[in-house]
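Visitor: Provided below: start.cif, containing mmCIF, C-alpha atoms.
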```cif
data_my_file
#
loop_
_atom_site.label_atom_id
_atom_site.label_comp_id
_atom_site.auth_asym_id
_atom_site.auth_seq_id
_atom_site.Cartn_x
_atom_site.Cartn_y
_atom_site.Cartn_z
CA MET A 1 -44.52 36.84 -26.47
CA THR A 2 -45.70 36.75 -22.85
CA THR A 3 -46.65 33.10 -23.39
CA ASP A 4 -43.13 32.28 -24.60
CA ALA A 5 -41.58 34.13 -21.68
CA ALA A 6 -43.77 32.18 -19.28
CA ARG A 7 -42.52 28.90 -20.77
CA PRO A 8 -38.74 29.24 -20.50
CA ALA A 9 -36.61 26.97 -22.67
CA ARG A 10 -35.02 25.18 -19.73
CA ARG A 11 -38.36 23.62 -18.86
CA THR A 12 -38.52 21.83 -22.22
CA ARG A 13 -38.46 18.07 -21.66
CA LEU A 14 -37.09 15.62 -24.18
CA THR A 15 -39.43 12.83 -25.21
CA PRO A 16 -38.49 9.40 -23.78
CA GLU A 17 -37.65 8.23 -27.33
CA ARG A 18 -35.33 11.17 -27.89
CA GLU A 19 -33.70 10.63 -24.50
CA ARG A 20 -33.10 6.97 -25.32
CA GLU A 21 -31.52 7.94 -28.67
CA LEU A 22 -29.17 10.29 -26.85
CA TYR A 23 -28.23 7.63 -24.29
CA ALA A 24 -27.58 5.09 -27.05
CA ALA A 25 -25.26 7.57 -28.79
CA VAL A 26 -23.39 8.25 -25.54
CA LEU A 27 -22.82 4.52 -24.95
CA GLU A 28 -21.70 4.08 -28.56
CA LEU A 29 -19.17 6.89 -28.16
CA LEU A 30 -18.02 5.52 -24.80
CA ARG A 31 -17.28 2.16 -26.42
CA GLU A 32 -15.49 3.83 -29.31
CA VAL A 33 -13.30 6.39 -27.58
CA GLY A 34 -13.63 5.86 -23.80
CA TYR A 35 -14.71 8.37 -21.17
CA ASP A 36 -11.72 10.69 -21.26
CA ALA A 37 -11.89 11.32 -25.01
CA LEU A 38 -15.68 11.63 -25.12
CA THR A 39 -16.79 15.25 -25.60
CA MET A 40 -20.16 16.96 -25.37
CA ASP A 41 -19.41 18.28 -28.90
CA ALA A 42 -19.19 14.72 -30.20
CA VAL A 43 -22.47 13.76 -28.50
CA ALA A 44 -24.15 16.87 -29.93
CA ALA A 45 -22.81 16.15 -33.43
CA ARG A 46 -23.80 12.48 -33.43
CA THR A 47 -27.30 13.13 -32.11
CA ARG A 48 -27.84 16.33 -34.11
CA SER A 49 -28.68 18.24 -30.97
CA SER A 50 -27.25 21.45 -29.55
CA LYS A 51 -24.78 21.45 -26.70
CA ALA A 52 -27.14 23.89 -24.96
CA THR A 53 -29.81 21.18 -24.92
CA LEU A 54 -27.40 18.65 -23.46
CA TYR A 55 -26.21 20.98 -20.71
CA ARG A 56 -29.80 22.06 -19.97
CA GLN A 57 -30.97 18.48 -19.58
CA TRP A 58 -27.92 17.13 -17.77
CA LYS A 59 -25.53 19.15 -15.68
CA GLY A 60 -22.44 18.04 -17.58
CA LYS A 61 -20.52 15.13 -19.04
CA PRO A 62 -20.30 12.97 -15.86
CA GLU A 63 -24.06 13.29 -15.29
CA LEU A 64 -24.94 12.57 -18.94
CA VAL A 65 -22.67 9.51 -19.03
CA VAL A 66 -24.00 8.14 -15.74
CA ALA A 67 -27.61 8.71 -16.86
CA ALA A 68 -26.87 6.76 -20.06
CA LEU A 69 -25.28 3.94 -18.05
CA ARG A 70 -28.22 3.82 -15.66
CA ASP A 71 -30.61 3.59 -18.61
CA ASN A 72 -28.59 0.56 -19.79
CA HIS A 73 -27.80 -0.73 -16.31
CA PRO A 74 -27.15 -4.49 -16.09
CA VAL A 75 -28.72 -5.07 -12.66
CA ARG A 76 -31.83 -3.80 -11.06
CA ALA A 77 -31.73 -5.75 -7.83
CA GLY A 78 -34.66 -3.62 -6.64
CA ASN A 79 -37.21 -5.68 -8.58
CA VAL A 80 -35.88 -9.05 -7.41
CA ASP A 81 -38.10 -10.73 -4.79
CA THR A 82 -38.43 -14.48 -5.30
CA GLY A 83 -39.40 -15.34 -1.71
CA SER A 84 -36.03 -16.77 -0.61
CA LEU A 85 -32.55 -15.28 -0.30
CA ALA A 86 -30.98 -18.10 -2.31
CA GLY A 87 -33.55 -17.50 -5.07
CA ASP A 88 -33.02 -13.74 -4.97
CA LEU A 89 -29.25 -14.07 -5.21
CA ARG A 90 -29.45 -16.56 -8.07
CA GLU A 91 -31.76 -14.17 -9.92
CA VAL A 92 -29.22 -11.37 -9.37
CA ALA A 93 -26.51 -13.67 -10.75
CA ARG A 94 -28.63 -14.33 -13.87
CA ARG A 95 -29.31 -10.65 -14.47
CA LEU A 96 -25.64 -9.82 -14.06
CA CYS A 97 -24.78 -12.26 -16.85
CA LYS A 98 -27.32 -11.07 -19.34
CA LYS A 99 -25.23 -8.05 -20.19
CA ALA A 100 -21.77 -9.53 -19.89
CA ASP A 101 -20.67 -7.45 -22.88
CA ASP A 102 -21.04 -4.39 -20.73
CA THR A 103 -18.34 -5.56 -18.33
CA ALA A 104 -15.57 -3.95 -20.38
CA LEU A 105 -17.58 -0.74 -20.63
CA MET A 106 -18.17 -0.62 -16.86
CA ARG A 107 -14.55 -1.38 -16.11
CA GLY A 108 -13.45 1.41 -18.44
CA ILE A 109 -15.77 3.83 -16.67
CA THR A 110 -14.61 2.65 -13.26
CA HIS A 111 -11.05 3.27 -14.32
CA ALA A 112 -11.94 6.76 -15.59
CA ALA A 113 -13.67 7.49 -12.27
CA GLU A 114 -10.35 7.10 -10.47
CA ARG A 115 -9.07 10.16 -12.29
CA ASN A 116 -12.38 12.06 -12.36
CA PRO A 117 -13.81 12.58 -8.86
CA GLU A 118 -17.03 14.09 -10.28
CA LEU A 119 -17.66 10.99 -12.37
CA GLY A 120 -16.94 8.78 -9.35
CA ARG A 121 -19.42 10.75 -7.23
CA ALA A 122 -22.11 10.62 -9.92
CA MET A 123 -21.58 6.85 -10.30
CA ARG A 124 -21.81 6.19 -6.60
CA GLU A 125 -24.96 8.31 -6.22
CA THR A 126 -26.82 7.19 -9.31
CA LEU A 127 -25.63 3.66 -10.06
CA ILE A 128 -24.06 2.08 -7.01
CA GLN A 129 -26.02 3.35 -4.02
CA PRO A 130 -29.47 2.33 -5.38
CA GLU A 131 -28.18 -1.19 -6.05
CA MET A 132 -26.60 -1.43 -2.61
CA ASP A 133 -29.85 -0.23 -1.04
CA ALA A 134 -31.78 -2.87 -2.99
CA LEU A 135 -29.35 -5.59 -1.87
CA HIS A 136 -29.72 -4.45 1.74
CA ARG A 137 -33.51 -4.65 1.46
CA MET A 138 -33.07 -8.19 0.08
CA LEU A 139 -31.00 -9.10 3.15
CA ASP A 140 -33.49 -7.42 5.51
CA ARG A 141 -36.30 -9.51 4.06
CA ALA A 142 -34.19 -12.66 4.59
CA VAL A 143 -33.63 -11.68 8.23
CA GLU A 144 -37.39 -11.07 8.65
CA ARG A 145 -38.13 -14.52 7.18
CA GLY A 146 -35.59 -16.05 9.59
CA GLU A 147 -33.30 -17.27 6.77
CA LEU A 148 -30.35 -15.06 7.68
CA ALA A 149 -28.90 -14.34 11.12
CA PRO A 150 -29.34 -10.61 11.86
CA ASP A 151 -25.69 -10.19 12.88
CA ARG A 152 -24.05 -12.27 10.11
CA PRO A 153 -20.76 -10.43 9.32
CA ALA A 154 -20.72 -11.45 5.63
CA ALA A 155 -23.93 -9.45 5.07
CA HIS A 156 -21.82 -6.30 5.20
CA PHE A 157 -19.79 -7.54 2.25
CA LEU A 158 -22.52 -8.67 -0.14
CA SER A 159 -21.81 -5.95 -2.73
CA GLU A 160 -18.10 -6.74 -2.51
CA MET A 161 -18.64 -10.46 -3.03
CA ILE A 162 -20.87 -9.84 -6.06
CA THR A 163 -18.75 -7.16 -7.70
CA GLY A 164 -15.59 -9.12 -7.01
CA ALA A 165 -16.92 -12.14 -8.90
CA LEU A 166 -17.76 -10.00 -11.91
CA LEU A 167 -14.47 -8.14 -12.11
CA THR A 168 -12.02 -10.87 -11.19
CA ARG A 169 -12.60 -13.58 -13.76
CA PRO A 170 -11.85 -11.38 -16.80
CA MET A 171 -8.62 -10.31 -15.12
CA LEU A 172 -7.43 -13.68 -13.80
CA GLU A 173 -8.58 -15.95 -16.59
CA ASP A 174 -9.35 -13.64 -19.51
CA ARG A 175 -12.91 -15.01 -19.64
CA HIS A 176 -16.27 -13.41 -18.98
CA ALA A 177 -18.10 -14.21 -15.76
CA ASP A 178 -20.92 -16.14 -17.48
CA GLU A 179 -24.05 -17.58 -15.90
CA PRO A 180 -22.69 -21.05 -14.92
CA TYR A 181 -19.61 -19.41 -13.39
CA LEU A 182 -21.58 -16.85 -11.40
CA LEU A 183 -24.14 -19.39 -10.19
CA ALA A 184 -21.30 -21.69 -9.07
CA TYR A 185 -19.60 -18.77 -7.31
CA PHE A 186 -22.81 -17.75 -5.54
CA ASP A 187 -23.41 -21.33 -4.36
CA ALA A 188 -19.78 -21.91 -3.33
CA VAL A 189 -18.98 -18.53 -1.76
CA VAL A 190 -21.88 -16.16 -1.18
CA LEU A 191 -24.46 -18.50 0.35
CA PRO A 192 -21.98 -20.33 2.66
CA ALA A 193 -20.45 -17.01 3.78
CA LEU A 194 -23.96 -15.82 4.66
CA GLY A 195 -24.66 -19.14 6.38
CA VAL A 196 -27.68 -19.69 4.14
CA GLU A 197 -28.76 -23.11 2.81
CA GLY A 198 -29.02 -23.33 -0.98
CA MET B 199 38.94 -9.66 -31.74
CA THR B 200 38.14 -13.35 -31.55
CA THR B 201 37.51 -12.92 -27.82
CA ASP B 202 34.97 -10.16 -28.47
CA ALA B 203 33.20 -12.23 -31.09
CA ALA B 204 32.98 -15.14 -28.64
CA ARG B 205 31.31 -12.90 -26.07
CA PRO B 206 28.37 -11.50 -28.01
CA ALA B 207 26.66 -8.40 -26.67
CA ARG B 208 23.36 -10.17 -26.09
CA ARG B 209 24.89 -12.26 -23.33
CA THR B 210 25.66 -9.14 -21.30
CA ARG B 211 23.72 -9.24 -18.05
CA LEU B 212 22.68 -6.11 -16.22
CA THR B 213 23.72 -5.88 -12.60
CA PRO B 214 20.87 -6.36 -10.12
CA GLU B 215 21.27 -2.70 -9.06
CA ARG B 216 20.99 -1.50 -12.65
CA GLU B 217 17.99 -3.74 -13.25
CA ARG B 218 16.28 -2.33 -10.18
CA GLU B 219 16.95 1.23 -11.41
CA LEU B 220 15.33 0.36 -14.72
CA TYR B 221 12.30 -1.19 -13.03
CA ALA B 222 11.90 1.84 -10.78
CA ALA B 223 11.95 4.12 -13.83
CA VAL B 224 9.35 1.97 -15.60
CA LEU B 225 7.00 2.13 -12.58
CA GLU B 226 7.54 5.88 -12.32
CA LEU B 227 6.61 6.32 -15.98
CA LEU B 228 3.62 3.99 -15.61
CA ARG B 229 2.28 6.14 -12.77
CA GLU B 230 2.89 9.32 -14.76
CA VAL B 231 1.53 8.44 -18.19
CA GLY B 232 -0.11 4.99 -17.96
CA TYR B 233 0.67 1.89 -19.99
CA ASP B 234 -0.62 3.00 -23.37
CA ALA B 235 1.45 6.19 -23.47
CA LEU B 236 4.61 4.59 -22.06
CA THR B 237 7.28 4.12 -24.74
CA MET B 238 10.55 2.25 -24.81
CA ASP B 239 12.10 5.55 -25.95
CA ALA B 240 10.94 7.22 -22.74
CA VAL B 241 12.34 4.38 -20.61
CA ALA B 242 15.65 4.56 -22.49
CA ALA B 243 15.84 8.34 -22.08
CA ARG B 244 15.00 8.33 -18.38
CA THR B 245 17.44 5.54 -17.55
CA ARG B 246 20.16 6.73 -19.95
CA SER B 247 20.25 3.34 -21.60
CA SER B 248 19.94 2.32 -25.23
CA LYS B 249 16.74 0.88 -26.62
CA ALA B 250 18.87 -2.00 -27.93
CA THR B 251 19.76 -2.89 -24.34
CA LEU B 252 16.13 -2.84 -23.30
CA TYR B 253 14.99 -5.04 -26.18
CA ARG B 254 17.94 -7.40 -25.64
CA GLN B 255 17.12 -7.86 -21.97
CA TRP B 256 13.34 -8.00 -22.28
CA LYS B 257 11.44 -9.01 -25.35
CA GLY B 258 9.39 -5.85 -25.53
CA LYS B 259 7.24 -3.36 -23.65
CA PRO B 260 4.73 -5.85 -22.16
CA GLU B 261 7.55 -8.04 -20.82
CA LEU B 262 9.52 -5.09 -19.42
CA VAL B 263 6.45 -3.67 -17.69
CA VAL B 264 5.45 -7.01 -16.21
CA ALA B 265 9.01 -7.65 -15.01
CA ALA B 266 8.98 -4.26 -13.28
CA LEU B 267 5.62 -5.03 -11.68
CA ARG B 268 6.82 -8.42 -10.49
CA ASP B 269 9.88 -6.80 -8.94
CA ASN B 270 7.51 -4.52 -7.01
CA HIS B 271 4.78 -7.11 -6.55
CA PRO B 272 2.57 -6.57 -3.51
CA VAL B 273 1.99 -10.25 -2.63
CA ARG B 274 4.25 -13.19 -2.55
CA ALA B 275 1.89 -15.79 -1.18
CA GLY B 276 4.58 -18.39 -1.89
CA ASN B 277 6.55 -17.52 1.25
CA VAL B 278 3.55 -17.60 3.56
CA ASP B 279 3.37 -20.69 5.79
CA THR B 280 2.20 -19.94 9.33
CA GLY B 281 0.99 -23.46 10.16
CA SER B 282 -2.75 -22.78 9.84
CA LEU B 283 -4.95 -21.72 6.93
CA ALA B 284 -6.53 -18.91 8.94
CA GLY B 285 -3.05 -17.66 9.83
CA ASP B 286 -1.84 -17.96 6.23
CA LEU B 287 -4.83 -16.04 4.89
CA ARG B 288 -4.50 -13.29 7.47
CA GLU B 289 -0.82 -12.94 6.55
CA VAL B 290 -1.81 -12.64 2.87
CA ALA B 291 -4.33 -9.94 3.86
CA ARG B 292 -1.60 -8.03 5.71
CA ARG B 293 0.82 -8.23 2.78
CA LEU B 294 -1.85 -7.09 0.38
CA CYS B 295 -2.38 -3.93 2.46
CA LYS B 296 1.23 -2.95 2.76
CA LYS B 297 1.29 -1.65 -0.77
CA ALA B 298 -2.22 -0.22 -1.03
CA ASP B 299 -0.87 2.68 -3.08
CA ASP B 300 -0.18 0.21 -5.86
CA THR B 301 -3.87 -0.59 -6.25
CA ALA B 302 -4.41 2.27 -8.71
CA LEU B 303 -1.32 1.21 -10.66
CA MET B 304 -2.47 -2.42 -10.88
CA ARG B 305 -5.98 -1.42 -11.88
CA GLY B 306 -4.58 0.80 -14.63
CA ILE B 307 -2.49 -2.07 -15.95
CA THR B 308 -5.42 -4.45 -15.74
CA HIS B 309 -7.45 -2.02 -17.79
CA ALA B 310 -4.66 -1.70 -20.35
CA ALA B 311 -4.46 -5.50 -20.56
CA GLU B 312 -8.02 -5.61 -21.88
CA ARG B 313 -6.87 -3.79 -24.99
CA ASN B 314 -3.42 -5.39 -25.20
CA PRO B 315 -3.62 -9.19 -25.36
CA GLU B 316 0.19 -9.53 -25.13
CA LEU B 317 0.24 -7.57 -21.90
CA GLY B 318 -2.61 -9.69 -20.56
CA ARG B 319 -0.77 -12.88 -21.40
CA ALA B 320 2.48 -11.65 -19.83
CA MET B 321 0.59 -10.63 -16.67
CA ARG B 322 -1.17 -13.96 -16.34
CA GLU B 323 2.05 -15.93 -16.87
CA THR B 324 4.39 -13.85 -14.74
CA LEU B 325 2.24 -12.24 -12.06
CA ILE B 326 -1.02 -14.09 -11.62
CA GLN B 327 -0.25 -17.76 -12.18
CA PRO B 328 2.61 -17.93 -9.63
CA GLU B 329 0.35 -16.36 -6.99
CA MET B 330 -2.50 -18.70 -7.81
CA ASP B 331 -0.14 -21.66 -7.60
CA ALA B 332 1.08 -20.47 -4.19
CA LEU B 333 -2.51 -20.07 -2.97
CA HIS B 334 -3.31 -23.58 -4.17
CA ARG B 335 -0.31 -24.97 -2.28
CA MET B 336 -1.59 -23.13 0.81
CA LEU B 337 -4.97 -24.85 0.40
CA ASP B 338 -3.34 -28.23 -0.24
CA ARG B 339 -1.41 -27.93 3.04
CA ALA B 340 -4.68 -27.10 4.84
CA VAL B 341 -6.30 -30.22 3.35
CA GLU B 342 -3.30 -32.31 4.44
CA ARG B 343 -3.58 -30.91 7.99
CA GLY B 344 -7.29 -31.77 7.98
CA GLU B 345 -8.37 -28.12 8.34
CA LEU B 346 -10.10 -27.90 4.96
CA ALA B 347 -12.45 -30.41 3.32
CA PRO B 348 -10.79 -31.68 0.11
CA ASP B 349 -13.93 -31.03 -1.97
CA ARG B 350 -14.90 -27.62 -0.57
CA PRO B 351 -16.30 -25.69 -3.57
CA ALA B 352 -15.14 -22.26 -2.33
CA ALA B 353 -11.52 -23.42 -2.62
CA HIS B 354 -11.84 -22.98 -6.39
CA PHE B 355 -12.66 -19.30 -5.89
CA LEU B 356 -9.95 -18.24 -3.44
CA SER B 357 -8.17 -15.94 -5.90
CA GLU B 358 -11.51 -14.41 -6.86
CA MET B 359 -12.48 -13.76 -3.26
CA ILE B 360 -9.16 -12.12 -2.52
CA THR B 361 -8.88 -10.03 -5.67
CA GLY B 362 -12.53 -9.02 -5.40
CA ALA B 363 -11.99 -7.57 -1.93
CA LEU B 364 -9.05 -5.51 -3.17
CA LEU B 365 -10.72 -4.11 -6.26
CA THR B 366 -14.22 -3.53 -5.02
CA ARG B 367 -13.85 -1.16 -2.10
CA PRO B 368 -12.12 1.60 -4.07
CA MET B 369 -14.93 1.41 -6.63
CA LEU B 370 -17.90 1.15 -4.28
CA GLU B 371 -16.75 3.41 -1.48
CA ASP B 372 -13.85 5.39 -2.91
CA ARG B 373 -11.61 4.08 -0.10
CA HIS B 374 -8.57 1.83 -0.08
CA ALA B 375 -8.93 -1.73 1.12
CA ASP B 376 -6.81 -1.21 4.25
CA GLU B 377 -5.69 -3.82 6.76
CA PRO B 378 -8.70 -3.69 9.16
CA TYR B 379 -11.06 -3.88 6.19
CA LEU B 380 -9.28 -6.84 4.58
CA LEU B 381 -8.94 -8.73 7.85
CA ALA B 382 -12.67 -8.22 8.53
CA TYR B 383 -13.49 -9.39 4.99
CA PHE B 384 -11.32 -12.49 5.34
CA ASP B 385 -12.95 -13.38 8.68
CA ALA B 386 -16.49 -12.64 7.46
CA VAL B 387 -16.33 -14.07 3.95
CA VAL B 388 -13.27 -16.15 3.06
CA LEU B 389 -12.97 -18.37 6.15
CA PRO B 390 -16.73 -19.12 6.45
CA ALA B 391 -16.96 -19.83 2.70
CA LEU B 392 -14.10 -22.31 3.10
CA GLY B 393 -15.78 -23.74 6.21
CA VAL B 394 -12.65 -23.03 8.26
CA GLU B 395 -12.73 -21.90 11.89
CA GLY B 396 -10.97 -18.59 12.59
#
```
Take the structure from the file and write it as C-alpha cells.
Guide:
Amino acid sequence: MTTDAARPARRTRLTPERERELYAAVLELLREVGYDALTMDAVAARTRSSKATLYRQWKGKPELVVAALRDNHPVRAGNVDTGSLAGDLREVARRLCKKADDTALMRGITHAAERNPELGRAMRETLIQPEMDALHRMLDRAVERGELAPDRPAAHFLSEMITGALLTRPMLEDRHADEPYLLAYFDAVVLPALGVEG
Amino acid sequence: MTTDAARPARRTRLTPERERELYAAVLELLREVGYDALTMDAVAARTRSSKATLYRQWKGKPELVVAALRDNHPVRAGNVDTGSLAGDLREVARRLCKKADDTALMRGITHAAERNPELGRAMRETLIQPEMDALHRMLDRAVERGELAPDRPAAHFLSEMITGALLTRPMLEDRHADEPYLLAYFDAVVLPALGVEG
C-alpha cells in the first residue's frame, strides 16, 4: 500500500509503442472529422484507453493533437547540414515533399487554429518555433561560411518563403507542391532573394 | 398576356443596388457560419428574396459566393500601372493590406474549396485567374520597358510569392500581414528574386 502511494498514477509513462498508437489514432480521427469535431472521448474509444490517461499524459486536446502532429511532422530542418546553404535548402525542399499528403491535414489544423487560440499557441510553440530556430541556425552557418551576407533582408523571411510555396500551389492551381515544383521555386525565388549562388 | 410570355422571368435583372445588398448578406453569412453551413435558404431569408431568384441569377451556392467575394475582392491588380515594376508591386502590396480583415474570410473559403471542387473551380476561374492575368501583364510591361529579364525564373512564381506573404504571417506569428510588413517583404524578397532594382 505504501509502495503504491509512493508511485502515484500520474507518473506512469506510456511505452513509446503505445504513444505512437495513440498518435496514429489521433491523426486518423483528424483526417476523418477535422479538429473541431474531434473529441477526447473518440480518441479514448478508438485507442481503448481511458480519458483520464489521455488528460494525465497530455494537458488537453490541443496539446494531444499537436504532439501527434509533431510525431508525424513533415520537416525536421534541425538535422539538415549538407555543408552549403543551397544544399541545405534543397534538402529541406525534398523533405517537405515527402509528406505532401499531409498538406491538407496541416491546412485544416491551421484553419482550426484561427478559431482556437490555445491550439494556435501550442502549434507555434511545439511545431513552428523549433523549425524556425533550425532554419535560423542554417542561415547563421551560411553567414559563418561567408555564403550569405549577414544583413541580407530576405533572411528574415525564409520561413515565409518556404511556407508560402507549400500553401499557395494547392490554392492557385489545385495541385500539390511536389519535389520538382519546390526545387524550381527554391532555385528561382529563395536563393536569388538571399543573394546566394546555386 | 402575350407581352408577359415574351418577357420571361429569367431575363429579369437585379438592380446593381439590390445585387450589392445580396452580396453583402452573403459575406455576412460567410463570416458568421462559414461556407459549409451557409445555405441558399439562409441567404433568401436574410435578403427577403426567393430562392428561385437566387438560382436564376447565379447557378448555385459556389457561384453566388464567388460573385460576392469578387464584388468585395481585396486586389484588382488589373488597374495598377505606375510606370515601374517596383512601383506596381508596391501598389499591389498596399491594396492587399487595405482589406486585411478579409484574410480570415479568404482562408476559410480556401479551406472549404479543398472539400468542394465546384467552389474551387469557381474561385480559380472568377477570382484567381483574372488576378494572375493582370500580374502577368504587369510583368510583360516590365519586360517591354527593359526592367525585367524576359527569362527570369522568379517571374513564374509571382503569384506564389505574393499569396505566400499574405497567408504565412497569420499562421507563423499570429499577426496580420500589414502594410509595413508587406512592403518590407516585397523589397526583401520579390524585387531581388526578380532581379529588379527598388
Visitor: Skip Ala266 (chain B) itself and residues of its chain fewer than 4 positions away, then list as a count of residues only all residues within 10 Å of it, counting only C-alpha atoms.
Guide: 14
Visitor: Considering all atoms listed in the file, state which residue in the set B:Glu345, B:Asp269, B:Leu370, B:Arg293 is at the smallest distance from Leu127 (chain A).
Guide: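 Closest to Leu127 (chain A), using all atoms listed in the file: B:Leu370.
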Visitor: Take the PyMOL selection byres ((chain A) within 9 of (chain B)), run it mentally on this structure, and tell me the resulting residues as a PyMOL selection string.
Guide: chain A and resi 104+107-108+110-111+113-114+120-121+124+128-129+152-157+159-174+184-185+187-195
Visitor: Could you tell me which of B:Arg216, B:Leu346, B:Gly232, B:Ala275 comes closest to Leu287 (chain B) if we count all atoms listed in the file?
Guide: B:Ala275
Visitor: Which polymer residues have any atom within 9 Å of an atom of Glu91 (chain A), counting all atoms listed in the file, with same-chain residues fewer than 3 positions away left out, as an NGL selection string?
Guide: :A and (77 or 80-82 or 86-88 or 94-96)
Visitor: Quote the spacing between CA of Glu118 (chain A) and CA of Pro130 (chain A) in Å to one decimal place.
Guide: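 That distance, rounded to one decimal, is 17.8 Å.
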Visitor: Within 12 Å of Val231 (chain B), counting all atoms listed in the file, which residues qualify if same-chain residues fewer than 4 places away don't, as JSON, numbers by chain?
Guide: {"B": [224, 225, 226, 227, 235, 236, 237, 240, 241, 303, 306, 307]}
Visitor: Kindly export the residues of the current selection with C-alpha atoms, as a JSON list (two decimals), keeping the file's coordinate frame.
Guide:
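Dumped everything to selection-v7.json:
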```json
[["chain", "number", "residue", "atom", "x", "y", "z"],
["B", 224, "VAL", "CA", 9.35, 1.97, -15.60],
["B", 225, "LEU", "CA", 7.00, 2.13, -12.58],
["B", 226, "GLU", "CA", 7.54, 5.88, -12.32],
["B", 227, "LEU", "CA", 6.61, 6.32, -15.98],
["B", 235, "ALA", "CA", 1.45, 6.19, -23.47],
["B", 236, "LEU", "CA", 4.61, 4.59, -22.06],
["B", 237, "THR", "CA", 7.28, 4.12, -24.74],
["B", 240, "ALA", "CA", 10.94, 7.22, -22.74],
["B", 241, "VAL", "CA", 12.34, 4.38, -20.61],
["B", 303, "LEU", "CA", -1.32, 1.21, -10.66],
["B", 306, "GLY", "CA", -4.58, 0.80, -14.63],
["B", 307, "ILE", "CA", -2.49, -2.07, -15.95]]
```
Visitor: To one decimal place in Å, what is the distance between CA of Met238 (chain B) and CA of Leu30 (chain A)?
Guide: 28.8 Å
Visitor: As a list in words, please: the residues near Met138 (chain A) (cut-off 8 Å, all atoms listed in the file, same-chain neighbours under 2 positions excluded).
Guide: Asp81, Leu85, Asp88, Ala134, Leu135, His136, Asp140, Arg141 and Ala142 of chain A
Visitor: At what distance in Å, to one decimal, does CA of Glu395 (chain B) lie from CA of Pro150 (chain A)?
Guide: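 Computed distance, CA of Pro150 (chain A) to CA of Glu395 (chain B), equals 20.1 Å.
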